[in-house]
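Single-structure report; data block below.
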Amino acid sequence: MKASIFITCICDGIYPRVGEAMVRVLEQQGVELDFPTGQTCCGQPALTSGYWDDAREIAKTLLDTFKDSPCVVTPAGSCLAAIKEFYPVLFEKDKYYYNLSKELIGKIHEFSEFLVEVLQVTKARERFPYPFPYRFPHRVTYHSSCHPRRFLGIDQHMYTLLKNVKDLDFVPLTHEEQCCGFGGTFSVKMPEISEAMVDAKVADILNTGADVVVGTDLSCLMNIDGRLRKQGSKVRVMHIAELLDEGMRM
Amino acid sequence: MSHNPTLHLRDRAKIAVKDEQMRKAVEKAVDRLSGNRLKAEIEMPSWDEWREQGKRIRKHTVNHLDYYLGQLAESVRSKGGHIYFAQTAAEAREFIIGICKEKNAKLIAKSKSMVTEEIHLNPALEKENMSVIETDLAEYILQLAGETPSHIIVPAIHKNRYQIAELFSAVAGEKVEPDTPSLTAFARKTLREKFMAADIGITGCNFAIADTGAISLVTNEGNARIVTSLPKVLISVMGMERVLPTFEDLEAVLSLLPRHATGQKLTSYISVVNAPRAKDEGDGAEEFHLVIVDNGRSKLLADEEYRQALHCIRCGACFNVCPVYRQIGGHAYGSVYSGPIGAVITPFIQDDFDFWGELAYATTLCGACSAACAVKIPLHDLLINIRRTRVELGLTHPLEKIGFRMWRRIFKIPGRYKFAMKFGSIAQRPFMNDGYIQSGPPPLANWTNSRYFPAAANKTFREIWQER
Amino acid sequence: MKNKERAFLNHVAKVLGRDKPLLKPPKRDEVGPPAFWKEQKFEIDEPLEFFKRNLENLTGRVYIAKDSADARQQVNAWLEELKASRVIMWNHEELKKVVDIENQEIKVDYWTANGPKRKMIEAAEQADVGITWADYGIGYTGTLALFSSPIQGRSVSLLPTVHIAILKKENLVPTMSTVMRDIIERRGNNNVPAAIDFITGPSRTSDIEMDLSIGVHGPVKVWVIVLK
């Protein structure tokens with residue numbers, strides 16, 4: 001199984017350890033990975049702020065980079081959601097890039113979706129020599145990010161994965177459908193509202209008594225982690241790749 | 001509290017998030033209403049098919065609005081009713097005041113109508129020395145308090161029972177107890193007297209039926225029934241998109257509206273008012289005037305994407321799921337129409353994408369509104385469209401424009417991008433503390449005031465990969 | 001006025017991309033509820049079961065009378081339970097056959113065609129109980145459908161404290177679709193009532209702190225006798 005990595009700028013620059021964890025997990029599952037160096041960013045900040053001409057240029061770079069990859073995997077749910085939601089509209093007047101957009105959408109997967117749908121790791125016993133090799137003996141709750149939840153249907157994959165991790169004590173998060181308050185530039189344009197929203201999210205997380213909150217989207221996790229750290233909380237905020245990576249070595 | 005705010009959105013929001021009582025009340029209301037909607041969804045098979053059909057009906061109607069409004073006018077006239085087309089709010093007010101003056105109206109009883117708030121009708125009538133009384137319980141409370149609605153289904157949700165008791169006691173001239181039965185009994189008795197004395201009834205219109213010329217009112221209290229049955233003259237005001245082709249379409253939309261609004265199968269009263277009354281009928285209005293209002297809606301109609309906002313059936317489901325509305329309540333939006341739908345239509349109604357276009361930034365684009373919408377309006381997409389429109393109109397901050405232009409130049413070329421990452425990683429070192437930037441300069445301060453910002457890593461992922 | 005109308009509709013047509021307003025009915029695929037709704041079938045007793053359950057869930061009462069005599073007795077029993085002293089009812093032939101108020105102490109007013117309007121409305125306002133016939137009952141939602149007419153005054157189901165309705169079982173239909181079909185047929189005969197009231201339970205509100213309150217402006221109780 002071969003796949004190209006779309007690392008996304010936030011993972012590249014701020015959370016490379018998540019990328020490293022993802023690589024270790026996928027390689028252990030027998031995936032041969034490559035990293036097309038032409039990649040930069042999906043263009044989401046410009047897309048959501050309304051600067052579509054600027055976004056278009058960045059999107060073209062991305063589409064050119066992954067043109068020849070048969071399969072792409074990314075650790076960021078919201079970047080993938082942005083590509084799916086916007087690229088076809090962004091290029092509706094440009095046949096060439098419109099087609100490339102459709103192609104990319106057909107072959108790109110978010111990490112948890114890749115594990116469950118493509119590699120079918122939870123059906124591991126029949127298909128692969130390795131059993132589901134992750135053990136994580138902690139109390140964990142799951143933050144379901146808005147875009148992956150609503151536009152990619154990620155939740156089902158995450159629940160499947162978490163259910164199969166040995167010794168993991170899963171506790172559901174109340175008001176899980178409520179946004180954490182990041183929203184890109186929203187967090188700095190409307191900081192008071194953003195703070196009220198992340199406070200509500202953090203309160204729900206602390207109520208679960210979980211040691212770890214896991215998610216699929218680095219922007220949300222950055223937001224929640226930032227608030228928890230300011231409050232001096234000991235709750236760990238982890239990307240699913242980090243959780244499985246740590247779980248591999250247990 | 002007013003619909004002429006002077007403060008900008010962010011400042012209004014700052015005030016709102018500090019109002020603990022309001023936030024608690026809003027949370028209680030939206031959780032209850034949303035929860036009931038979800039129960040209704042479980043109870044009703046093929047929920048999504050109904051929504052799809054609702055979307056089809058509204059889309060067809062709005063796309064052929066010229067036909068259906070023309071048909072509506074003919075239908076109303078054929079029964080002996082009167083119809084007025086008002087391009088602007090001022091025109092609508094003028095028509096209505098004209099009729100009231102002609103009838104020498106002293107007391108006007110109103111049932112809840114958002115469009116009459118939109119056109120600022122009450123102050124205009126009062127200026128002409130006519131008494132206007134709101135009869136919907138929440139609107140009556142707000143009228144006494146001199147405030148505006150903060151939610152389209154439960155307009156006075158921000159008021160608690162003690163505040164309401166105080167308002168009622170002032171009217172009664174004696175203490176009214178702050179318990180629900182006492183407050184309700186007081187309202188029933190007081191407003192009954194007004195109903196019996198009113199010269200003119202003014203209502204809104206949930207949906208007008210084009211092929212018959214009837215209007216329908218969807219209520220729980222009964223005041224709309226009374227306002228349309230007792231006064232001799234009935235004036236109904238409607239936004240021009242509030243029309244449906246036939247009664248069959250009404251049934252379809254009635255299967256969506258109460259369930260999405262409150263989880264009810266039907267509200268206590270669906271009043272189909274086919275005014276004026278028939279000859280020899282003992283009650284019902286003798287004279288009927290229907291006022292159809294544009295006030296910026298044709299601008300929404302002109303754009304194929306924005307036009308979808310006119311499909312709205314005013315159920316309020318989007319309010320109840322919006323994580324921003326939950327924290328700031330309705331007044332912070334500053335507009336008659338708050339919540340996600342309000343953020344989309346207000347710039348058009350106010351003809352102002354600058355000040356009112358700010359509402360499009362009171363969102364994280366989480367998409368909950370679009371997912372909840374009874375007729376599948378892609379609200380979050382329309383909010384992005386408003387941001388795009390602002391960029392096209394040159395209304396965004398010049399620094400932001402330059403910022404994105406620079407970002408584009410850097411991120412387009414991998415080499416430049418790599419350099420920028422390296423630069424950022426080094427430049428932040430003075431601010432770093434234990435892997436985080438705990439306190440940053442503006443605009444980063446907007447983040448770091450409440451959160452730590454993660455420091456850029458020493459080595460980017462691609463550097464690590466290269467070294468494998 | 002016609003000029004304003006013309007200008008208004010011309011403008012709407014223009015923004016929709018037309019030279020002038022559309023005059024011919026536009027083509028439509030599906031009208032009204034989704035196909036599966038119109039095609040659904042119900043067991044013979046289901047509408048009555050649904051009606052009783054739905055209305056009772058909303059604090060309503062439903063009594064199933066086996067004949068007119070039974071119904072007559074039940075109405076009197078209810079009036080006694082309610083300690084009613086003033087009643088208003090439609091001067092409706094079939095209704096009067098079923099409702100025969102025994103208690104002489106109760107003042108009964110009638111809503112009549114061409115009656116004294118002010119007096120009748122005041123009588124309704126003062127009445128403890130208003131009694132009407134129901135043109136339809138809708139099982140799916142527990143709803144009564146009342147059509148207005150010179151005899152069928154709206155105030156009778158609206159102003160009194162309690163609303164009692166007599167509903168013939170054969171007029172109890174599964175969904176609103178049947179009622180809408182009737183209205184559409186009447187439209188063909190230029191005979192649509194001036195008011196059609198769909199009443200689902202008593203008057204209510206949650207405007208005060210989301211606390212449910214029954215009986216705001218309309219009746220606080222809705223009791224129905226289904227006549228077999």
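Here's how to read the names in the structure tokens: chain A, B, ... by the order shown, residue numbers from 1 in each chain, ligand numbers from 1 in the order shown.
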Residues of chain B within 7 Å of chain A: nearest atom pair and distance (Å, one decimal) for each, counting only C-alpha atoms, sorted by chain and number, as CSV?
```
residue,atom,partner,partner_atom,distance
B:Arg10,CA,A:Met190,CA,6.0
B:Ala13,CA,A:Ile193,CA,6.7
B:Lys14,CA,A:Glu192,CA,5.9
B:Val17,CA,A:Ile193,CA,6.9
B:Pro323,CA,A:Gln178,CA,6.0
B:Val324,CA,A:Ile193,CA,6.9
B:Gln327,CA,A:Ala196,CA,6.6
B:Tyr361,CA,A:Phe186,CA,6.7
B:Thr364,CA,A:Gly183,CA,3.9
B:Leu365,CA,A:Gly183,CA,6.6
B:Cys366,CA,A:Cys146,CA,5.3
B:Ile384,CA,A:Thr48,CA,6.1
B:Arg387,CA,A:Gly50,CA,4.9
B:Arg388,CA,A:Gly50,CA,3.9
B:Val391,CA,A:Gly50,CA,6.2
B:Phe404,CA,A:Ala46,CA,6.9
B:Arg405,CA,A:Asp54,CA,6.6
B:Arg408,CA,A:Asp54,CA,5.7
B:Phe411,CA,A:Thr40,CA,6.0
B:Lys412,CA,A:Ile58,CA,5.3
B:Pro414,CA,A:Gly38,CA,5.7
B:Tyr417,CA,A:Thr40,CA,6.8
B:Met421,CA,A:Gly13,CA,6.4
B:Asn446,CA,A:Val188,CA,5.2
B:Trp447,CA,A:Val188,CA,5.8
B:Ser450,CA,A:Arg227,CA,6.5
B:Arg451,CA,A:Arg227,CA,4.4
B:Tyr452,CA,A:Gly226,CA,4.3
B:Phe453,CA,A:Gly226,CA,5.8
B:Pro454,CA,A:Ile14,CA,7.0
B:Ala455,CA,A:Ile14,CA,6.6
B:Ala456,CA,A:Ile14,CA,4.5
B:Ala457,CA,A:Ile14,CA,5.1
B:Thr460,CA,A:Gly13,CA,5.0
B:Phe461,CA,A:Pro16,CA,4.6
B:Arg462,CA,A:Asp12,CA,6.7
```
Restricted to N, CA and C atoms, what would the selected residues look like written as a compact mmCIF listing (two decimals), in the first residue's frame?
```
# COMPACT_ATOMS: atom_id res chain seq x y z
N ARG B 10 -18.01 43.61 17.73
CA ARG B 10 -17.14 43.03 18.76
C ARG B 10 -17.43 43.65 20.13
N ALA B 13 -20.60 42.29 21.47
CA ALA B 13 -20.38 40.92 21.94
C ALA B 13 -19.68 40.92 23.29
N LYS B 14 -18.71 41.84 23.45
CA LYS B 14 -17.99 41.93 24.73
C LYS B 14 -18.96 42.16 25.88
N VAL B 17 -21.21 38.81 26.47
CA VAL B 17 -20.65 37.63 27.14
C VAL B 17 -20.50 37.85 28.64
N PRO B 323 -23.37 27.98 18.05
CA PRO B 323 -22.55 28.09 19.26
C PRO B 323 -22.22 29.54 19.60
N VAL B 324 -22.30 30.43 18.61
CA VAL B 324 -22.04 31.84 18.87
C VAL B 324 -23.28 32.48 19.51
N GLN B 327 -23.66 31.99 23.14
CA GLN B 327 -22.84 32.77 24.07
C GLN B 327 -23.20 34.24 24.11
N TYR B 361 -18.84 37.84 10.53
CA TYR B 361 -17.65 37.38 11.26
C TYR B 361 -18.00 36.86 12.64
N THR B 364 -17.95 30.78 13.43
CA THR B 364 -16.76 29.97 13.19
C THR B 364 -16.98 29.11 11.96
N LEU B 365 -18.10 29.33 11.28
CA LEU B 365 -18.44 28.54 10.10
C LEU B 365 -18.51 27.05 10.42
N CYS B 366 -19.02 26.75 11.61
CA CYS B 366 -19.04 25.36 12.05
C CYS B 366 -20.03 24.52 11.25
N ILE B 384 -19.93 32.82 4.23
CA ILE B 384 -18.65 32.99 3.54
C ILE B 384 -18.86 33.90 2.33
N ARG B 387 -18.58 37.39 3.30
CA ARG B 387 -17.19 37.79 3.48
C ARG B 387 -16.54 38.06 2.12
N ARG B 388 -16.85 37.21 1.15
CA ARG B 388 -16.31 37.40 -0.20
C ARG B 388 -16.81 38.71 -0.80
N VAL B 391 -14.93 41.54 0.54
CA VAL B 391 -13.60 41.66 -0.07
C VAL B 391 -13.74 42.30 -1.44
N PHE B 404 -2.98 38.99 3.19
CA PHE B 404 -3.27 37.81 2.39
C PHE B 404 -2.52 37.82 1.07
N ARG B 405 -2.28 39.00 0.54
CA ARG B 405 -1.50 39.09 -0.69
C ARG B 405 -0.09 38.55 -0.43
N ARG B 408 -0.09 34.82 0.08
CA ARG B 408 -0.19 34.11 -1.19
C ARG B 408 1.15 34.02 -1.86
N PHE B 411 3.28 31.47 0.21
CA PHE B 411 2.83 30.09 0.23
C PHE B 411 2.70 29.47 -1.15
N LYS B 412 2.82 30.28 -2.18
CA LYS B 412 2.70 29.71 -3.51
C LYS B 412 3.95 28.91 -3.88
N PRO B 414 7.13 26.70 -2.67
CA PRO B 414 7.61 25.92 -1.53
C PRO B 414 8.87 26.50 -0.90
N TYR B 417 7.98 29.41 1.24
CA TYR B 417 7.23 28.90 2.39
C TYR B 417 8.20 28.35 3.45
N MET B 421 8.73 29.67 7.32
CA MET B 421 8.59 28.80 8.48
C MET B 421 9.83 28.93 9.38
N ASN B 446 -4.75 39.05 21.22
CA ASN B 446 -6.15 38.62 21.24
C ASN B 446 -6.28 37.14 21.54
N TRP B 447 -5.27 36.38 21.12
CA TRP B 447 -5.27 34.96 21.44
C TRP B 447 -4.71 34.75 22.84
N SER B 450 -6.25 34.82 26.53
CA SER B 450 -6.99 33.73 27.17
C SER B 450 -6.38 32.36 26.93
N ARG B 451 -5.40 32.29 26.03
CA ARG B 451 -4.83 30.98 25.72
C ARG B 451 -3.33 31.07 25.53
N TYR B 452 -2.62 29.95 25.72
CA TYR B 452 -1.23 29.87 25.30
C TYR B 452 -1.23 29.61 23.81
N PHE B 453 -0.25 30.17 23.12
CA PHE B 453 -0.10 29.88 21.70
C PHE B 453 1.08 28.94 21.54
N PRO B 454 0.93 27.87 20.76
CA PRO B 454 2.04 26.92 20.67
C PRO B 454 3.20 27.54 19.91
N ALA B 455 4.39 27.27 20.38
CA ALA B 455 5.57 27.77 19.68
C ALA B 455 5.80 26.95 18.42
N ALA B 456 6.32 27.59 17.40
CA ALA B 456 6.69 26.85 16.19
C ALA B 456 7.80 25.88 16.56
N ALA B 457 7.77 24.73 15.91
CA ALA B 457 8.77 23.71 16.25
C ALA B 457 10.15 24.12 15.75
N THR B 460 10.77 21.74 11.13
CA THR B 460 9.46 21.44 10.54
C THR B 460 9.41 19.96 10.17
N PHE B 461 8.22 19.49 9.91
CA PHE B 461 8.06 18.09 9.53
C PHE B 461 8.89 17.78 8.30
N ARG B 462 8.85 18.70 7.31
CA ARG B 462 9.57 18.36 6.07
C ARG B 462 11.06 18.28 6.27
```
Which residues are close to Leu162 in chain A, i.e. within 10 Å by only C-alpha atoms, leaving aside same-chain residues fewer than 5 positions away? Reply as a VMD selection string.
chain A and resid 134 136 140 to 142 157 167 to 170 214 240 243 to 244
Quick one: everything within 9 Å of range 214-221 of chain B, counting only C-alpha atoms, minus sequence neighbours fewer than 2 positions away in the same chain. Send it as a PyMOL selection string.
(chain B and resi 72+75-76+136-137+203-212+223-225+236+243+250+254+257-258+266-275) or (chain C and resi 194-195+202-205+214-218)
Let's see if you can do this: from backbone DSSP, list all strand (DSSP E) residues in range 8-223 of chain C, as JSON, numbers by chain.
{"C": [61, 62, 63, 64, 65, 86, 87, 88, 89, 90, 107, 108, 109, 110, 111, 129, 130, 131, 132, 133, 136, 137, 138, 143, 144, 145, 146, 147, 162, 163, 164, 165, 166, 167, 168, 172, 173, 195, 196, 197, 198, 199, 204, 205, 213, 214, 221, 222, 223]}
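You will find CA of Met22 in chain A at 9.0 Å from CA of Thr74 in chain A.
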Of the residues A:His239, A:His138, A:Lys67, A:Lys93, which is the one nearest to Gly209 in chain A, using only C-alpha atoms?
A:His138
To one decimal place in Å, what is the distance between CA of Pro443 in chain B and CA of Ile386 in chain B?
23.5 Å
Give me, as a ChimeraX atom specification, all polymer residues having an atom no more than 8 Å from Gly32 in chain C, counting only C-alpha atoms and skipping those fewer than 6 positions away in the same chain.
/B:53,57,246-252
Hey, can you spit out that residue selection with N, CA, C and O atoms as a short mmCIF file (atom, residue, chain, number, x, y, z; two decimals), in the first residue's frame?
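Saved file result31.cif follows:
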```
data_model
loop_
_atom_site.label_atom_id
_atom_site.label_comp_id
_atom_site.auth_asym_id
_atom_site.auth_seq_id
_atom_site.Cartn_x
_atom_site.Cartn_y
_atom_site.Cartn_z
N GLN B 53 -38.23 18.10 0.48
CA GLN B 53 -39.44 18.58 -0.18
C GLN B 53 -39.70 20.04 0.17
O GLN B 53 -40.11 20.83 -0.69
N ILE B 57 -40.10 23.09 -2.51
CA ILE B 57 -41.26 23.99 -2.56
C ILE B 57 -40.81 25.44 -2.44
O ILE B 57 -41.22 26.31 -3.23
N THR B 246 -49.98 26.68 -2.95
CA THR B 246 -51.30 26.08 -2.68
C THR B 246 -51.40 25.59 -1.24
O THR B 246 -50.42 25.54 -0.51
N PHE B 247 -52.59 25.13 -0.86
CA PHE B 247 -52.80 24.57 0.47
C PHE B 247 -52.02 23.28 0.69
O PHE B 247 -51.62 22.96 1.80
N GLU B 248 -51.80 22.54 -0.37
CA GLU B 248 -51.02 21.31 -0.22
C GLU B 248 -49.60 21.66 0.21
O GLU B 248 -49.00 20.98 1.04
N ASP B 249 -49.06 22.72 -0.37
CA ASP B 249 -47.73 23.16 0.03
C ASP B 249 -47.73 23.61 1.48
O ASP B 249 -46.74 23.42 2.20
N LEU B 250 -48.84 24.21 1.90
CA LEU B 250 -48.94 24.63 3.30
C LEU B 250 -48.83 23.43 4.22
O LEU B 250 -48.13 23.47 5.24
N GLU B 251 -49.49 22.34 3.87
CA GLU B 251 -49.40 21.15 4.71
C GLU B 251 -47.95 20.67 4.84
O GLU B 251 -47.49 20.33 5.92
N ALA B 252 -47.23 20.69 3.71
CA ALA B 252 -45.84 20.24 3.74
C ALA B 252 -45.00 21.13 4.65
O ALA B 252 -44.22 20.64 5.48
#
```
Check the smallest atom-to-atom distance from each of C:Trp223, C:Tyr136, C:Phe147, C:Tyr63 to chain B using only C-alpha atoms, then report the winner.
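Under the stated criterion, the closest residue is C:Phe147.
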Enumerate, in order of chain and increasing residue number, the residues of chain C with an atom no farther than 7 Å from chain B, each with its shortest atom pair and distance in Å to one decimal, counting only C-alpha atoms, as a Markdown table.
```
| residue | atom | partner | partner_atom | distance |
| --- | --- | --- | --- | --- |
| C:Lys4 | CA | B:Phe85 | CA | 6.5 |
| C:Glu5 | CA | B:Phe85 | CA | 5.6 |
| C:Phe8 | CA | B:Phe85 | CA | 6.6 |
| C:Leu9 | CA | B:Asp66 | CA | 5.7 |
| C:Val12 | CA | B:Asp66 | CA | 5.7 |
| C:Ala13 | CA | B:Asp66 | CA | 5.4 |
| C:Val15 | CA | B:Ala302 | CA | 4.6 |
| C:Leu16 | CA | B:Ala302 | CA | 6.1 |
| C:Pro21 | CA | B:Asp66 | CA | 5.3 |
| C:Leu22 | CA | B:Tyr67 | CA | 5.0 |
| C:Leu23 | CA | B:Tyr67 | CA | 5.9 |
| C:Val31 | CA | B:Asp249 | CA | 6.3 |
| C:Gly32 | CA | B:Asp249 | CA | 4.0 |
| C:Pro33 | CA | B:Ala252 | CA | 4.5 |
| C:Pro34 | CA | B:Gln53 | CA | 6.2 |
| C:Ala113 | CA | B:Asp280 | CA | 6.1 |
| C:Asn114 | CA | B:Asp280 | CA | 5.2 |
| C:Gly115 | CA | B:Gly282 | CA | 6.9 |
| C:Lys117 | CA | B:Gly282 | CA | 5.2 |
| C:Thr141 | CA | B:Lys265 | CA | 6.2 |
| C:Ser149 | CA | B:Glu281 | CA | 5.9 |
| C:Pro150 | CA | B:Glu281 | CA | 4.0 |
| C:Gly153 | CA | B:Gly282 | CA | 6.2 |
| C:Arg154 | CA | B:Asp283 | CA | 6.7 |
| C:Met176 | CA | B:Glu251 | CA | 6.8 |
| C:Met180 | CA | B:Phe247 | CA | 6.0 |
| C:Pro193 | CA | B:Asn274 | CA | 6.9 |
| C:Ala194 | CA | B:Asn274 | CA | 4.4 |
| C:Ala195 | CA | B:Val273 | CA | 4.7 |
| C:Ile196 | CA | B:Val272 | CA | 5.0 |
| C:Asp197 | CA | B:Ser271 | CA | 4.8 |
| C:Phe198 | CA | B:Ile270 | CA | 5.0 |
| C:Ile199 | CA | B:Tyr269 | CA | 4.9 |
| C:Thr200 | CA | B:Ser268 | CA | 4.5 |
| C:Gly201 | CA | B:Ser268 | CA | 5.6 |
| C:Pro202 | CA | B:Ser268 | CA | 6.4 |
| C:Ser203 | CA | B:Glu221 | CA | 4.9 |
| C:Arg204 | CA | B:Glu221 | CA | 5.1 |
| C:Thr205 | CA | B:Glu221 | CA | 6.0 |
| C:Asp207 | CA | B:Ala138 | CA | 5.6 |
| C:Ile208 | CA | B:Arg161 | CA | 6.5 |
| C:Glu209 | CA | B:Asn160 | CA | 6.0 |
| C:Met210 | CA | B:Ala29 | CA | 6.3 |
| C:Ser213 | CA | B:Thr180 | CA | 6.8 |
| C:Val216 | CA | B:Glu221 | CA | 5.6 |
| C:His217 | CA | B:Gly222 | CA | 5.2 |
| C:Gly218 | CA | B:Gly222 | CA | 4.8 |
```
Please dump the current selection as a compact mmCIF listing (two decimals), in the first residue's frame; keep N, CA and C atoms.
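Contents of the output file out.txt:
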```txt
# COMPACT_ATOMS: atom_id res chain seq x y z
N LYS C 4 -47.86 51.12 -8.59
CA LYS C 4 -46.88 50.62 -7.63
C LYS C 4 -46.75 49.11 -7.78
N GLU C 5 -47.89 48.46 -7.97
CA GLU C 5 -47.88 47.00 -8.09
C GLU C 5 -47.11 46.60 -9.33
N PHE C 8 -43.43 47.14 -8.81
CA PHE C 8 -42.91 46.16 -7.86
C PHE C 8 -42.69 44.82 -8.55
N LEU C 9 -43.73 44.33 -9.22
CA LEU C 9 -43.62 43.01 -9.85
C LEU C 9 -42.62 43.03 -11.01
N VAL C 12 -39.25 42.61 -9.45
CA VAL C 12 -39.02 41.22 -9.04
C VAL C 12 -38.70 40.37 -10.26
N ALA C 13 -39.47 40.56 -11.33
CA ALA C 13 -39.23 39.78 -12.55
C ALA C 13 -37.83 40.07 -13.08
N VAL C 15 -35.07 41.08 -11.52
CA VAL C 15 -33.95 40.47 -10.79
C VAL C 15 -33.93 38.96 -10.94
N LEU C 16 -35.09 38.40 -11.35
CA LEU C 16 -35.11 36.96 -11.61
C LEU C 16 -34.71 36.66 -13.04
N PRO C 21 -43.18 40.20 -15.65
CA PRO C 21 -43.62 39.16 -14.73
C PRO C 21 -44.24 37.98 -15.45
N LEU C 22 -43.93 36.80 -14.94
CA LEU C 22 -44.48 35.57 -15.47
C LEU C 22 -45.99 35.55 -15.26
N LEU C 23 -46.74 35.23 -16.31
CA LEU C 23 -48.19 35.18 -16.16
C LEU C 23 -48.73 33.77 -16.22
N VAL C 31 -45.98 18.61 -5.81
CA VAL C 31 -46.68 19.62 -5.03
C VAL C 31 -47.00 19.07 -3.65
N GLY C 32 -46.80 19.87 -2.63
CA GLY C 32 -47.24 19.45 -1.30
C GLY C 32 -46.31 18.44 -0.67
N PRO C 33 -46.84 17.60 0.25
CA PRO C 33 -46.01 16.64 0.97
C PRO C 33 -45.34 15.65 0.03
N PRO C 34 -44.28 14.98 0.51
CA PRO C 34 -43.60 14.00 -0.32
C PRO C 34 -44.54 12.86 -0.70
N ALA C 113 -76.82 32.84 12.69
CA ALA C 113 -76.56 33.61 11.47
C ALA C 113 -77.30 34.93 11.59
N ASN C 114 -76.60 36.03 11.28
CA ASN C 114 -77.21 37.36 11.37
C ASN C 114 -77.64 37.75 12.77
N GLY C 115 -77.06 37.11 13.75
CA GLY C 115 -77.37 37.48 15.12
C GLY C 115 -76.72 38.81 15.48
N LYS C 117 -74.11 40.95 16.56
CA LYS C 117 -72.70 40.61 16.65
C LYS C 117 -72.09 40.93 18.01
N THR C 141 -52.25 14.34 14.37
CA THR C 141 -51.74 15.39 15.26
C THR C 141 -52.70 15.70 16.42
N SER C 149 -68.50 30.10 9.41
CA SER C 149 -69.69 30.35 8.58
C SER C 149 -70.60 31.25 9.42
N PRO C 150 -71.72 31.72 8.88
CA PRO C 150 -72.61 32.54 9.71
C PRO C 150 -73.04 31.86 11.01
N GLY C 153 -69.41 30.53 14.38
CA GLY C 153 -68.61 31.69 14.76
C GLY C 153 -67.29 31.28 15.38
N ARG C 154 -66.24 32.02 15.05
CA ARG C 154 -64.90 31.67 15.55
C ARG C 154 -64.80 31.88 17.05
N MET C 176 -53.81 15.77 7.65
CA MET C 176 -54.30 17.06 7.17
C MET C 176 -54.57 17.03 5.68
N MET C 180 -57.10 19.46 3.44
CA MET C 180 -56.61 20.36 2.39
C MET C 180 -57.30 20.06 1.07
N PRO C 193 -64.02 28.72 3.14
CA PRO C 193 -64.48 29.47 4.31
C PRO C 193 -63.60 30.69 4.57
N ALA C 194 -64.17 31.68 5.26
CA ALA C 194 -63.40 32.89 5.58
C ALA C 194 -62.37 32.61 6.66
N ALA C 195 -62.57 31.53 7.42
CA ALA C 195 -61.54 31.14 8.39
C ALA C 195 -61.56 29.63 8.55
N ILE C 196 -60.37 29.05 8.58
CA ILE C 196 -60.25 27.63 8.88
C ILE C 196 -59.31 27.55 10.06
N ASP C 197 -59.82 27.05 11.17
CA ASP C 197 -58.98 27.00 12.37
C ASP C 197 -58.59 25.56 12.67
N PHE C 198 -57.29 25.31 12.67
CA PHE C 198 -56.77 24.01 13.07
C PHE C 198 -56.37 24.15 14.54
N ILE C 199 -57.11 23.44 15.39
CA ILE C 199 -56.90 23.60 16.83
C ILE C 199 -56.32 22.32 17.40
N THR C 200 -55.13 22.43 17.97
CA THR C 200 -54.45 21.24 18.51
C THR C 200 -54.20 21.47 20.00
N GLY C 201 -55.23 21.17 20.78
CA GLY C 201 -55.06 21.31 22.22
C GLY C 201 -55.34 22.73 22.69
N PRO C 202 -55.12 22.97 23.99
CA PRO C 202 -55.43 24.28 24.54
C PRO C 202 -54.38 25.32 24.17
N SER C 203 -54.67 26.56 24.49
CA SER C 203 -53.74 27.67 24.28
C SER C 203 -52.54 27.49 25.23
N ARG C 204 -51.36 27.85 24.79
CA ARG C 204 -50.18 27.62 25.63
C ARG C 204 -49.07 28.62 25.29
N THR C 205 -48.09 28.70 26.19
CA THR C 205 -46.89 29.51 25.92
C THR C 205 -45.74 29.04 26.79
N ASP C 207 -43.19 31.43 27.07
CA ASP C 207 -42.45 32.70 27.00
C ASP C 207 -41.82 33.12 28.32
N ILE C 208 -42.37 32.62 29.45
CA ILE C 208 -41.81 33.01 30.74
C ILE C 208 -40.79 31.96 31.16
N GLU C 209 -39.52 32.29 30.99
CA GLU C 209 -38.44 31.41 31.40
C GLU C 209 -38.59 29.97 30.90
N MET C 210 -39.15 29.79 29.73
CA MET C 210 -39.34 28.46 29.16
C MET C 210 -40.23 27.58 30.03
N SER C 213 -47.00 27.19 30.19
CA SER C 213 -48.21 27.72 30.79
C SER C 213 -49.36 27.40 29.86
N VAL C 216 -53.38 30.81 27.71
CA VAL C 216 -52.95 32.21 27.72
C VAL C 216 -54.13 33.06 27.22
N HIS C 217 -54.33 33.10 25.90
CA HIS C 217 -55.43 33.91 25.39
C HIS C 217 -56.63 33.07 25.00
N GLY C 218 -56.36 31.85 24.58
CA GLY C 218 -57.44 30.97 24.14
C GLY C 218 -57.90 30.06 25.26
```
What does the structure give for the distance between CA of Leu167 in chain C and CA of Thr132 in chain C, in Å to one decimal?
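Result for CA of Leu167 in chain C versus CA of Thr132 in chain C: 9.0 Å, one decimal.
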Once DSSP has gone over the backbone, tell me which residues of range 275-404 of chain B are in helix (DSSP H, G or I), as a count of residues only.
68
Near Arg24 in chain A, counting only C-alpha atoms, which residues have an atom at most 10 Å away, once you skip same-chain residues fewer than 5 positions from it, shown as a list in words?
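Selected residues are Val18, Gly19, Gln29, Gly30, Val31, Ala241, Glu242, Leu244, Asp245 and Met248 of chain A.
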